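*Asks:* For reference, the file protein_9.txt (compact mmCIF, C-alpha atoms and all ligand atoms) is included below:
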```txt
# COMPACT_ATOMS: atom_id res chain seq x y z
CA MET A 266 26.07 -38.19 -9.67
CA GLU A 267 23.19 -36.32 -11.15
CA ARG A 268 22.83 -36.43 -14.93
CA SER A 269 23.56 -33.28 -16.86
CA TRP A 270 20.81 -30.95 -18.01
CA GLY A 271 22.25 -30.68 -21.50
CA PRO A 272 22.97 -27.63 -23.61
CA GLY A 273 19.48 -26.07 -23.58
CA ARG A 274 18.04 -23.36 -21.34
CA ALA A 275 17.51 -24.09 -17.66
CA ILE A 276 14.76 -22.04 -16.08
CA LEU A 277 13.50 -22.01 -12.50
CA HIS A 278 10.17 -20.70 -11.31
CA ALA A 279 10.30 -19.94 -7.59
CA ASP A 280 7.05 -19.21 -5.78
CA LEU A 281 6.66 -18.64 -2.02
CA ASP A 282 3.78 -20.56 -0.42
CA CYS A 283 0.79 -18.38 0.56
CA PHE A 284 3.20 -15.54 1.05
CA PHE A 285 1.19 -12.85 2.90
CA ALA A 286 -0.34 -15.40 5.29
CA SER A 287 3.07 -17.03 5.87
CA VAL A 288 4.62 -13.66 6.77
CA GLU A 289 1.84 -13.07 9.29
CA VAL A 290 2.50 -16.46 10.89
CA LEU A 291 6.22 -15.71 10.90
CA ASP A 292 5.66 -12.44 12.78
CA ASP A 293 3.10 -13.93 15.16
CA PRO A 294 3.97 -17.58 15.88
CA SER A 295 0.73 -18.01 17.85
CA LEU A 296 -0.99 -18.18 14.43
CA LYS A 297 0.98 -21.28 13.44
CA GLY A 298 -1.28 -24.14 12.37
CA LEU A 299 -4.39 -21.92 12.41
CA PRO A 300 -6.52 -20.84 9.47
CA VAL A 301 -5.37 -17.33 8.51
CA LEU A 302 -6.99 -14.97 6.02
CA VAL A 303 -5.14 -11.84 4.91
CA GLY A 304 -7.00 -9.17 3.05
CA GLY A 305 -9.58 -6.42 3.20
CA THR A 306 -11.46 -6.31 6.46
CA GLY A 307 -14.10 -3.80 5.30
CA PRO A 308 -17.60 -4.87 4.27
CA ARG A 309 -16.39 -5.47 0.72
CA GLY A 310 -12.98 -6.86 1.54
CA VAL A 311 -11.35 -9.46 -0.67
CA VAL A 312 -9.02 -12.27 0.45
CA ALA A 313 -5.45 -11.61 -0.70
CA ALA A 314 -3.99 -14.78 0.81
CA ALA A 315 -5.31 -17.78 2.72
CA SER A 316 -3.16 -20.17 4.73
CA TYR A 317 -3.45 -23.86 3.81
CA GLU A 318 -5.33 -24.42 7.07
CA ALA A 319 -7.97 -21.96 5.78
CA ARG A 320 -7.96 -23.50 2.30
CA VAL A 321 -9.02 -26.81 3.84
CA PHE A 322 -12.36 -25.10 4.52
CA GLY A 323 -12.63 -23.90 0.93
CA ALA A 324 -11.39 -20.35 1.52
CA ARG A 325 -9.34 -19.01 -1.40
CA SER A 326 -7.59 -15.83 -2.40
CA ALA A 327 -9.67 -13.46 -4.58
CA MET A 328 -12.81 -14.65 -2.76
CA SER A 329 -14.84 -12.05 -0.89
CA MET A 330 -13.77 -11.92 2.75
CA SER A 331 -17.35 -12.41 3.95
CA MET A 332 -17.68 -15.61 1.91
CA ALA A 333 -14.31 -16.89 3.19
CA GLN A 334 -15.37 -16.20 6.78
CA ARG A 335 -18.64 -18.04 6.26
CA LEU A 336 -16.69 -21.07 5.01
CA CYS A 337 -14.14 -20.79 7.78
CA PRO A 338 -15.65 -18.99 10.80
CA THR A 339 -12.64 -19.75 13.02
CA ALA A 340 -10.16 -18.05 10.69
CA LYS A 341 -7.95 -15.29 12.02
CA VAL A 342 -8.57 -12.33 9.74
CA ILE A 343 -5.66 -9.95 9.26
CA ALA A 344 -5.51 -6.71 7.29
CA GLY A 345 -2.55 -6.80 4.92
CA ARG A 346 0.74 -5.08 5.82
CA TYR A 347 2.12 -4.35 2.39
CA HIS A 348 5.30 -2.66 3.60
CA ARG A 349 6.26 -5.68 5.67
CA TYR A 350 5.63 -8.01 2.71
CA LYS A 351 7.74 -5.79 0.51
CA GLU A 352 10.55 -5.96 3.03
CA VAL A 353 10.49 -9.78 3.19
CA SER A 354 10.18 -9.90 -0.60
CA GLY A 355 13.41 -7.91 -0.82
CA GLN A 356 15.16 -10.55 1.30
CA PHE A 357 13.74 -13.29 -0.93
CA PHE A 358 15.03 -11.59 -4.07
CA SER A 359 18.48 -11.13 -2.48
CA ILE A 360 18.69 -14.90 -2.14
CA LEU A 361 17.59 -15.36 -5.77
CA GLU A 362 20.21 -12.84 -6.88
CA SER A 363 22.97 -14.88 -5.27
CA PHE A 364 22.37 -17.53 -7.97
CA THR A 365 21.92 -15.41 -11.11
CA ASP A 366 21.34 -11.88 -12.38
CA GLU A 367 18.78 -13.11 -14.87
CA ILE A 368 15.65 -12.77 -12.79
CA GLU A 369 12.18 -11.80 -13.90
CA SER A 370 9.97 -10.81 -11.02
CA VAL A 371 6.31 -11.78 -11.18
CA GLY A 372 5.09 -9.98 -8.11
CA LEU A 373 6.49 -9.96 -4.58
CA ASP A 374 6.59 -13.70 -4.04
CA GLU A 375 7.32 -15.16 -7.42
CA ALA A 376 10.08 -15.04 -10.03
CA PHE A 377 11.64 -16.77 -13.00
CA LEU A 378 15.39 -17.38 -12.96
CA ASP A 379 17.49 -18.31 -15.97
CA VAL A 380 20.21 -20.53 -14.46
CA THR A 381 21.61 -21.81 -17.77
CA GLY A 382 24.89 -20.03 -17.10
CA ALA A 383 24.89 -20.66 -13.36
CA GLN A 384 25.44 -24.43 -13.61
CA LYS A 385 29.25 -24.24 -13.59
CA LEU A 386 29.20 -22.42 -10.27
CA PHE A 387 26.21 -23.95 -8.50
CA GLY A 388 25.59 -27.39 -10.00
CA THR A 389 22.69 -28.81 -11.99
CA PRO A 390 19.41 -26.87 -12.20
CA THR A 391 17.83 -29.34 -9.79
CA GLN A 392 20.66 -28.87 -7.29
CA ILE A 393 20.22 -25.11 -7.59
CA ALA A 394 16.49 -25.45 -6.97
CA VAL A 395 17.05 -27.62 -3.88
CA GLU A 396 19.68 -25.23 -2.52
CA LEU A 397 17.48 -22.20 -3.18
CA ARG A 398 14.62 -23.82 -1.27
CA ARG A 399 16.93 -24.77 1.60
CA ARG A 400 18.28 -21.24 1.92
CA VAL A 401 14.84 -19.60 1.88
CA LYS A 402 13.75 -21.98 4.63
CA LYS A 403 16.89 -21.41 6.70
CA GLU A 404 17.27 -17.65 6.24
CA LEU A 405 13.65 -16.50 6.00
CA SER A 406 11.76 -19.40 7.65
CA LEU A 407 9.46 -19.43 4.62
CA SER A 408 8.60 -22.22 2.22
CA VAL A 409 9.25 -21.75 -1.48
CA CYS A 410 8.38 -24.19 -4.25
CA VAL A 411 10.56 -24.35 -7.32
CA GLY A 412 9.79 -25.62 -10.81
CA VAL A 413 12.68 -26.57 -13.11
CA ALA A 414 12.27 -26.80 -16.90
CA ALA A 415 13.56 -25.57 -20.24
CA THR A 416 10.79 -22.98 -20.64
CA LYS A 417 9.01 -20.49 -18.41
CA GLN A 418 5.57 -21.95 -19.04
CA VAL A 419 6.62 -25.46 -18.08
CA ALA A 420 8.69 -24.29 -15.09
CA LYS A 421 5.65 -22.45 -13.74
CA LEU A 422 3.43 -25.50 -14.11
CA ALA A 423 6.12 -27.63 -12.48
CA SER A 424 6.34 -25.39 -9.41
CA LYS A 425 2.56 -25.46 -9.08
CA ARG A 426 2.72 -29.25 -8.92
CA ALA A 427 5.35 -29.12 -6.21
CA LYS A 428 3.07 -27.08 -3.89
CA PRO A 429 1.27 -28.45 -0.85
CA THR A 430 -2.18 -29.78 -1.76
CA ILE A 431 -5.45 -30.28 0.03
CA SER A 432 -6.87 -33.79 0.27
CA GLY A 433 -10.15 -33.95 2.14
CA SER A 434 -9.44 -32.11 5.37
CA LYS A 435 -5.70 -32.71 5.23
CA VAL A 436 -2.83 -30.63 3.91
CA ILE A 437 -0.38 -32.81 1.99
CA PRO A 438 3.07 -31.23 2.43
CA ALA A 439 4.91 -29.74 -0.54
CA ARG A 440 7.29 -31.82 -2.61
CA GLY A 441 9.01 -28.49 -2.96
CA VAL A 442 10.90 -29.02 -6.19
CA GLY A 443 9.34 -30.18 -9.47
CA VAL A 444 11.54 -31.01 -12.44
CA VAL A 445 10.50 -31.50 -16.05
CA TRP A 446 13.53 -32.79 -17.97
CA PRO A 447 14.25 -31.39 -21.44
CA GLY A 448 12.52 -33.57 -24.00
CA THR A 449 9.75 -34.70 -21.63
CA GLU A 450 7.64 -31.53 -21.88
CA VAL A 451 5.05 -33.04 -24.21
CA THR A 452 4.40 -35.98 -21.87
CA PHE A 453 4.20 -33.66 -18.87
CA LEU A 454 1.75 -31.28 -20.53
CA ALA A 455 -0.44 -33.87 -22.30
CA PRO A 456 -2.92 -34.71 -19.51
CA LEU A 457 -3.33 -31.12 -18.26
CA SER A 458 -6.40 -29.00 -18.93
CA VAL A 459 -5.87 -26.45 -21.72
CA ARG A 460 -6.93 -23.86 -19.13
CA GLU A 461 -3.49 -24.27 -17.56
CA LEU A 462 -1.72 -22.92 -20.64
CA TRP A 463 -0.83 -19.25 -20.66
CA GLY A 464 -3.36 -17.11 -22.44
CA VAL A 465 -6.26 -19.53 -22.12
CA GLY A 466 -9.06 -17.71 -20.34
CA PRO A 467 -12.68 -18.81 -20.00
CA LYS A 468 -13.57 -17.58 -23.52
CA THR A 469 -10.76 -19.44 -25.28
CA GLN A 470 -11.47 -22.49 -23.17
CA GLU A 471 -15.10 -22.37 -24.31
CA LYS A 472 -14.09 -22.09 -27.99
CA LEU A 473 -11.74 -25.04 -27.65
CA LYS A 474 -14.42 -27.06 -25.90
CA GLY A 475 -16.61 -26.35 -28.92
CA ILE A 476 -14.25 -28.41 -31.07
CA GLY A 477 -13.89 -31.14 -28.47
CA VAL A 478 -10.61 -29.93 -26.98
CA ASN A 479 -10.31 -30.07 -23.20
CA LYS A 480 -6.81 -31.42 -22.59
CA VAL A 481 -3.46 -30.31 -23.93
CA PHE A 482 -2.92 -33.55 -25.90
CA GLU A 483 -6.22 -32.93 -27.69
CA LEU A 484 -5.11 -29.43 -28.62
CA ARG A 485 -1.91 -30.81 -30.12
CA ALA A 486 -3.89 -32.98 -32.51
CA ILE A 487 -5.81 -30.06 -34.07
CA PRO A 488 -4.46 -28.95 -37.48
CA ASP A 489 -2.97 -25.44 -37.57
CA ALA A 490 -5.49 -24.21 -40.15
CA LYS A 491 -8.38 -25.09 -37.90
CA LEU A 492 -6.82 -23.41 -34.84
CA LEU A 493 -6.07 -20.37 -36.96
CA SER A 494 -9.70 -20.10 -38.06
CA ILE A 495 -11.03 -20.48 -34.53
CA LEU A 496 -8.52 -18.53 -32.44
CA GLY A 497 -6.52 -16.49 -34.96
CA LYS A 498 -2.74 -16.29 -34.67
CA GLY A 499 -3.02 -16.82 -30.92
CA GLY A 500 -4.13 -20.37 -31.73
CA LEU A 501 -0.78 -21.19 -33.30
CA HIS A 502 1.08 -19.75 -30.33
CA LEU A 503 -1.07 -21.89 -28.06
CA LYS A 504 -0.21 -24.99 -30.04
CA ARG A 505 3.48 -24.23 -29.61
CA LEU A 506 2.93 -23.96 -25.86
CA ALA A 507 1.07 -27.28 -25.96
CA GLU A 508 4.16 -28.78 -27.61
CA GLY A 509 6.33 -27.43 -24.80
CA LYS A 510 7.93 -24.84 -27.08
CA ASP A 511 8.25 -21.33 -25.77
CA ASP A 512 11.20 -19.01 -26.42
CA ASP A 513 9.96 -16.31 -24.06
CA PRO A 514 13.15 -15.11 -22.34
CA VAL A 515 13.60 -14.46 -18.64
CA SER A 516 13.89 -10.71 -18.66
CA ALA A 517 13.76 -8.09 -15.95
CA ARG A 518 12.32 -5.56 -18.41
CA VAL A 519 9.54 -7.80 -19.62
CA GLY A 520 8.66 -8.28 -15.96
CA VAL A 521 6.96 -4.91 -15.79
CA LYS A 522 4.18 -5.06 -18.36
CA SER A 523 1.84 -2.71 -16.60
CA ILE A 524 1.59 -0.66 -13.46
CA SER A 525 -1.81 -0.62 -11.87
CA HIS A 526 -3.66 0.28 -8.74
CA GLU A 527 -7.28 -0.30 -7.94
CA GLN A 528 -9.54 0.05 -4.99
CA THR A 529 -12.93 -1.25 -3.95
CA TYR A 530 -14.75 1.28 -1.78
CA PRO A 531 -16.51 0.42 1.49
CA SER A 532 -19.55 2.30 0.17
CA ASP A 533 -20.32 3.40 -3.37
CA LEU A 534 -18.89 6.76 -4.43
CA ASP A 535 -21.65 8.99 -5.76
CA ASP A 536 -20.17 12.43 -5.23
CA PRO A 537 -18.29 13.95 -8.22
CA THR A 538 -15.67 15.50 -5.92
CA ALA A 539 -15.06 12.22 -4.12
CA ILE A 540 -14.60 10.44 -7.46
CA THR A 541 -12.17 13.08 -8.71
CA THR A 542 -10.22 12.85 -5.46
CA GLU A 543 -9.96 9.09 -5.84
CA LEU A 544 -8.84 9.44 -9.46
CA ALA A 545 -6.14 11.86 -8.31
CA ARG A 546 -5.04 9.43 -5.64
CA LEU A 547 -4.78 6.54 -8.12
CA ALA A 548 -3.06 8.73 -10.74
CA ASP A 549 -0.59 9.73 -8.07
CA ALA A 550 0.06 6.10 -7.15
CA VAL A 551 0.73 4.81 -10.69
CA ALA A 552 2.74 7.90 -11.64
CA ALA A 553 4.96 7.50 -8.57
CA THR A 554 5.58 3.81 -9.31
CA ALA A 555 6.39 4.55 -12.97
CA SER A 556 8.77 7.38 -12.05
CA LYS A 557 10.51 5.22 -9.48
CA LYS A 558 11.13 2.55 -12.10
CA GLY A 559 12.20 5.11 -14.72
CA LEU A 560 9.31 4.10 -16.97
CA VAL A 561 6.84 6.03 -19.11
CA ALA A 562 3.55 4.73 -20.49
CA ARG A 563 1.87 5.08 -23.84
CA THR A 564 -1.46 3.62 -22.73
CA LEU A 565 -3.67 4.59 -19.82
CA THR A 566 -6.65 2.49 -18.76
CA LEU A 567 -9.45 3.35 -16.38
CA LYS A 568 -11.42 0.51 -14.88
CA LEU A 569 -14.73 1.21 -13.22
CA ARG A 570 -17.19 -1.09 -11.53
CA TYR A 571 -20.76 0.06 -10.94
CA PRO A 572 -22.79 -1.02 -7.89
CA ASP A 573 -24.46 -3.78 -9.95
CA PHE A 574 -20.96 -5.22 -10.69
CA THR A 575 -21.01 -4.15 -14.35
CA THR A 576 -17.37 -3.43 -15.05
CA ILE A 577 -16.09 -1.23 -17.85
CA THR A 578 -12.60 -0.31 -18.98
CA ARG A 579 -11.68 2.67 -21.11
CA SER A 580 -8.26 3.41 -22.54
CA ALA A 581 -6.47 6.42 -23.91
CA THR A 582 -3.16 6.71 -25.76
CA PHE A 583 -0.57 9.38 -25.06
CA ASP A 584 1.16 10.74 -28.16
CA ILE A 585 4.25 11.09 -26.05
CA PRO A 586 4.69 8.37 -23.44
CA THR A 587 4.51 9.85 -19.98
CA SER A 588 4.57 9.20 -16.26
CA SER A 589 3.27 12.64 -15.41
CA ARG A 590 0.60 12.56 -12.72
CA GLY A 591 -0.94 15.75 -14.13
CA GLN A 592 -1.35 14.35 -17.63
CA ILE A 593 -2.62 11.05 -16.28
CA LEU A 594 -5.26 12.74 -14.16
CA LEU A 595 -6.34 14.95 -17.05
CA ARG A 596 -6.94 11.95 -19.29
CA LEU A 597 -8.62 9.98 -16.49
CA ARG A 598 -11.17 12.77 -16.11
CA GLU A 599 -11.90 12.51 -19.84
CA LEU A 600 -12.24 8.74 -19.61
CA LEU A 601 -14.63 8.85 -16.66
CA PRO A 602 -18.17 8.05 -17.87
CA GLN A 603 -20.54 10.99 -17.39
CA ASP A 604 -23.06 8.86 -15.55
CA ALA A 605 -20.58 7.64 -12.92
CA PRO A 606 -21.59 9.94 -10.03
CA ALA A 607 -25.31 9.42 -10.66
CA VAL A 608 -25.07 5.62 -10.85
CA GLY A 609 -22.39 5.24 -8.19
CA VAL A 610 -18.93 3.68 -8.28
CA ARG A 611 -17.96 0.53 -6.46
CA LEU A 612 -14.40 0.16 -7.70
CA LEU A 613 -11.89 2.32 -9.52
CA GLY A 614 -8.67 1.11 -11.10
CA VAL A 615 -5.98 2.83 -13.11
CA SER A 616 -3.28 1.14 -15.11
CA LEU A 617 -0.37 2.22 -17.26
CA SER A 618 0.79 -0.10 -20.03
CA ASN A 619 2.92 -0.12 -23.19
CA LEU A 620 5.75 0.90 -20.94
CA GLY A 621 9.13 2.14 -22.10
CA GLU A 622 12.16 3.72 -20.54
CA VAL A 623 12.27 7.46 -19.95
CA GLN A 624 15.18 8.26 -22.29
CA SER A 625 13.44 7.15 -25.44
CA THR A 626 10.91 9.95 -25.15
CA GLN A 627 13.42 12.73 -24.82
CA LEU A 628 13.87 12.82 -28.61
CA HIS A 629 10.49 14.50 -29.09
CA LEU A 630 11.78 18.00 -28.64
CA GLU A 631 9.03 20.56 -28.84
CA ASP A 632 6.06 18.62 -27.51
CA GLY A 633 8.41 16.58 -25.44
CA MET A 634 9.97 19.37 -23.44
CA LYS A 635 6.92 19.81 -21.32
CA SER A 636 6.65 16.17 -20.47
CA VAL A 637 10.38 15.89 -19.86
CA ARG A 638 10.13 18.79 -17.41
CA GLN A 639 7.11 17.19 -15.80
CA GLU A 640 9.02 13.93 -15.51
CA LYS A 641 11.92 15.70 -13.86
CA LEU A 642 9.46 17.20 -11.41
CA ASP A 643 7.90 13.81 -10.82
CA ARG A 644 11.31 12.29 -10.19
CA SER A 645 12.07 14.99 -7.61
CA VAL A 646 8.78 14.20 -5.91
CA VAL A 647 9.82 10.55 -5.73
CA ALA A 648 13.21 11.54 -4.32
CA ILE A 649 11.67 13.78 -1.66
CA ARG A 650 9.20 11.10 -0.67
CA GLU A 651 11.94 8.54 -0.37
CA LYS A 652 13.81 10.85 1.96
CA PHE A 653 10.97 12.30 4.01
CA GLY A 654 8.22 9.71 3.73
CA GLU A 655 5.29 9.04 1.45
CA ASP A 656 3.13 11.87 2.73
CA SER A 657 5.74 14.63 2.62
CA LEU A 658 4.49 15.73 -0.81
CA VAL A 659 1.01 15.14 -2.13
CA PRO A 660 -1.12 16.68 -4.88
CA ALA A 661 -3.22 19.49 -3.42
CA VAL A 662 -6.44 17.67 -4.15
CA LEU A 663 -5.46 14.96 -1.68
CA ILE A 664 -5.13 17.33 1.25
CA GLU A 665 -8.40 17.05 3.06
CA LYS A 666 -9.84 19.08 5.89
CA ASP A 667 -8.22 17.33 8.79
CA ALA A 668 -5.66 15.00 7.36
CA ILE A 669 -3.47 14.19 4.46
CA LYS A 670 -4.60 11.02 2.74
CA VAL A 671 -2.04 9.38 0.61
CA LYS A 672 -2.57 6.31 -1.52
CA LEU A 673 0.46 4.25 -0.61
CA ALA A 674 1.34 1.56 -3.08
CA HIS A 675 -1.15 -1.28 -2.60
CA ASP A 676 -2.76 0.31 0.45
CA ALA A 677 -6.17 -1.09 1.17
CA GLN A 678 -6.43 -2.47 -2.33
CA TRP A 679 -8.44 -5.39 -1.03
CA GLY A 680 -11.24 -3.16 0.19
MG MG B 1 3.03 -17.56 -4.08
```
Produce structure tokens that represent the structure in this file.
*Replies:*
Amino acid sequence: MERSWGPGRAILHADLDCFFASVEVLDDPSLKGLPVLVGGTGPRGVVAAASYEARVFGARSAMSMSMAQRLCPTAKVIAGRYHRYKEVSGQFFSILESFTDEIESVGLDEAFLDVTGAQKLFGTPTQIAVELRRRVKKELSLSVCVGVAATKQVAKLASKRAKPTISGSKVIPARGVGVVWPGTEVTFLAPLSVRELWGVGPKTQEKLKGIGVNKVFELRAIPDAKLLSILGKGGLHLKRLAEGKDDDPVSARVGVKSISHEQTYPSDLDDPTAITTELARLADAVAATASKKGLVARTLTLKLRYPDFTTITRSATFDIPTSSRGQILLRLRELLPQDAPAVGVRLLGVSLSNLGEVQSTQLHLEDGMKSVRQEKLDRSVVAIREKFGEDSLVPAVLIEKDAIKVKLAHDAQWG
């Protein structure tokens, strides 16, 4: 008889193993056991997923495809099929939903589940994790690893440790389920690098290194005042994470923090019209996603990478939160640096953040009416597209001489 979890929160982090590559193997069994790279196949393509057989050679996601192919010349390279991944992701989430409604999605292949209230029906959190993994294997023929803990941060780290690993040229199979019992968080976290804590990027890591802190247990020993002076308030939050304390709830709303699309171009864009067309395409993509989710954004960010890899971001704030493609495009044109066409553009990205639900904006009457009308229009566009396909309605600027080019969600985002 398994011991009880106790009265505290029980959180699972479920993460499918190299999802895109696994779906490709699923659909083409001849790829089984072979190194597979999914991602952009153009000259500037980026790896979106690498099978474990490819990782043995050092290939990794987010690496340039050319580099990955140099490391692993025998790899099968496959352009991503986003719509297929989305379909399988839907099946994955249906299984998750059979255990609890409290699910926070973190992308197509990853989610947090709060199973505190599910224990009466489905057993201990560990039993739920094991059953979830069994069902994903049986029903989808995919492997999912599950972390079990009292907080999201620890559950995520626990699932990572349950993943298959590479040792020399061998793939060590997944343990599959990793459990950190309530009360043992501090011991579990102590030996890890501070880099593994949420919010620790290279800069913070460098600052911590400056005061001799590399591991989580070393961070815990630093007095609050010192952390405050070095990292500001974020330092105190970090210390709480290091102590295994984290009240961050599993929440479907919190799941969508931003909506973004970006694209690396096969050759640099240096024509003002081409750049405007791409901005319209990206504006269209983020606006459509926001409308579909019933969200409006207060902040708009343009990301631009020049041919020499210098990357800049520029943001604008809407007085009235919006998901209007017209307003987004207007502001994007203002944000675009004047020198962009002359210097050339390697990558463009657009993101919406500070998201809220549509209703809350309808109180702004006078100024608001226009954006409410625009949002209604945008919602009709979404409805028509859902019925007749993504390219049934497109902004005029996207209709080119011989074909309609539509930026489908995540299309060719890997270059
Ligand atoms: Mg994954």
*Asks:* Which residues form the shell of 10 Å around ligand MG 1 (chain B) when you count all atoms listed in the file, given as a list in words?
*Replies:*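 So the residues close to ligand MG 1 (chain B) are Ala279, Asp280, Leu281, Asp282, Cys283, Phe284, Phe285, Ser287, Ala314, Val371, Gly372, Leu373, Asp374, Glu375, Ala376, Ser408, Val409, Cys410, Lys425 and Lys428 of chain A.
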*Asks:* Could you work out how far atom CA of A:Lys522 lies from atom CA of A:Gly500, giving the answer in Å with one decimal?
*Replies:* 22.0 Å
*Asks:* Residues near A:Arg400, anyone? I mean within 12 Å using only C-alpha atoms, not counting same-chain ones fewer than 3 positions away, as number ranges by chain.
*Replies:* A: 356-361, 363-364, 393-397, 403-409
*Asks:* Could you please determine the separation between atom CA of A:Val610 and atom CA of A:Leu597 in Å, to one decimal place?
*Replies:*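 The value is 14.6 Å.
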*Asks:* Env of A:Leu492: 10 Å cut, atoms = all atoms listed in the file, seq-sep filter 5 positions within chain, self excluded. Answer as a ChimeraX atom specification.
*Replies:* /A:473,476,484,487,497-504
*Asks:* Atoms are missing here; could stretch 443-455 of chain A be completed with N, CA and C atoms and written as a PDB file, in the frame of the given file?
*Replies:*
```
ATOM      1  N   GLY A 443       9.906 -29.380  -8.376  1.00  0.00           N
ATOM      2  CA  GLY A 443       9.340 -30.180  -9.470  1.00  0.00           C
ATOM      3  C   GLY A 443      10.198 -30.001 -10.718  1.00  0.00           C
ATOM      4  N   VAL A 444      10.627 -31.098 -11.286  1.00  0.00           N
ATOM      5  CA  VAL A 444      11.540 -31.010 -12.440  1.00  0.00           C
ATOM      6  C   VAL A 444      10.891 -31.642 -13.665  1.00  0.00           C
ATOM      7  N   VAL A 445      10.914 -30.926 -14.772  1.00  0.00           N
ATOM      8  CA  VAL A 445      10.500 -31.500 -16.050  1.00  0.00           C
ATOM      9  C   VAL A 445      11.739 -31.496 -16.951  1.00  0.00           C
ATOM     10  N   TRP A 446      12.286 -32.679 -17.194  1.00  0.00           N
ATOM     11  CA  TRP A 446      13.530 -32.790 -17.970  1.00  0.00           C
ATOM     12  C   TRP A 446      13.322 -32.368 -19.419  1.00  0.00           C
ATOM     13  N   PRO A 447      14.365 -31.755 -20.027  1.00  0.00           N
ATOM     14  CA  PRO A 447      14.250 -31.390 -21.440  1.00  0.00           C
ATOM     15  C   PRO A 447      13.884 -32.626 -22.263  1.00  0.00           C
ATOM     16  N   GLY A 448      12.938 -32.444 -23.165  1.00  0.00           N
ATOM     17  CA  GLY A 448      12.520 -33.570 -24.000  1.00  0.00           C
ATOM     18  C   GLY A 448      11.291 -34.290 -23.469  1.00  0.00           C
ATOM     19  N   THR A 449      10.938 -34.029 -22.190  1.00  0.00           N
ATOM     20  CA  THR A 449       9.750 -34.700 -21.630  1.00  0.00           C
ATOM     21  C   THR A 449       8.567 -33.747 -21.481  1.00  0.00           C
ATOM     22  N   GLU A 450       8.693 -32.531 -22.052  1.00  0.00           N
ATOM     23  CA  GLU A 450       7.640 -31.530 -21.880  1.00  0.00           C
ATOM     24  C   GLU A 450       6.284 -32.011 -22.388  1.00  0.00           C
ATOM     25  N   VAL A 451       6.307 -32.638 -23.583  1.00  0.00           N
ATOM     26  CA  VAL A 451       5.050 -33.040 -24.210  1.00  0.00           C
ATOM     27  C   VAL A 451       4.297 -34.032 -23.311  1.00  0.00           C
ATOM     28  N   THR A 452       5.008 -34.992 -22.755  1.00  0.00           N
ATOM     29  CA  THR A 452       4.400 -35.980 -21.870  1.00  0.00           C
ATOM     30  C   THR A 452       3.855 -35.314 -20.606  1.00  0.00           C
ATOM     31  N   PHE A 453       4.629 -34.359 -20.081  1.00  0.00           N
ATOM     32  CA  PHE A 453       4.200 -33.660 -18.870  1.00  0.00           C
ATOM     33  C   PHE A 453       2.923 -32.854 -19.120  1.00  0.00           C
ATOM     34  N   LEU A 454       2.874 -32.165 -20.255  1.00  0.00           N
ATOM     35  CA  LEU A 454       1.750 -31.280 -20.530  1.00  0.00           C
ATOM     36  C   LEU A 454       0.486 -32.026 -20.969  1.00  0.00           C
ATOM     37  N   ALA A 455       0.671 -33.170 -21.639  1.00  0.00           N
ATOM     38  CA  ALA A 455      -0.440 -33.870 -22.300  1.00  0.00           C
ATOM     39  C   ALA A 455      -1.727 -33.985 -21.481  1.00  0.00           C
TER      40      ALA A 455
END
```
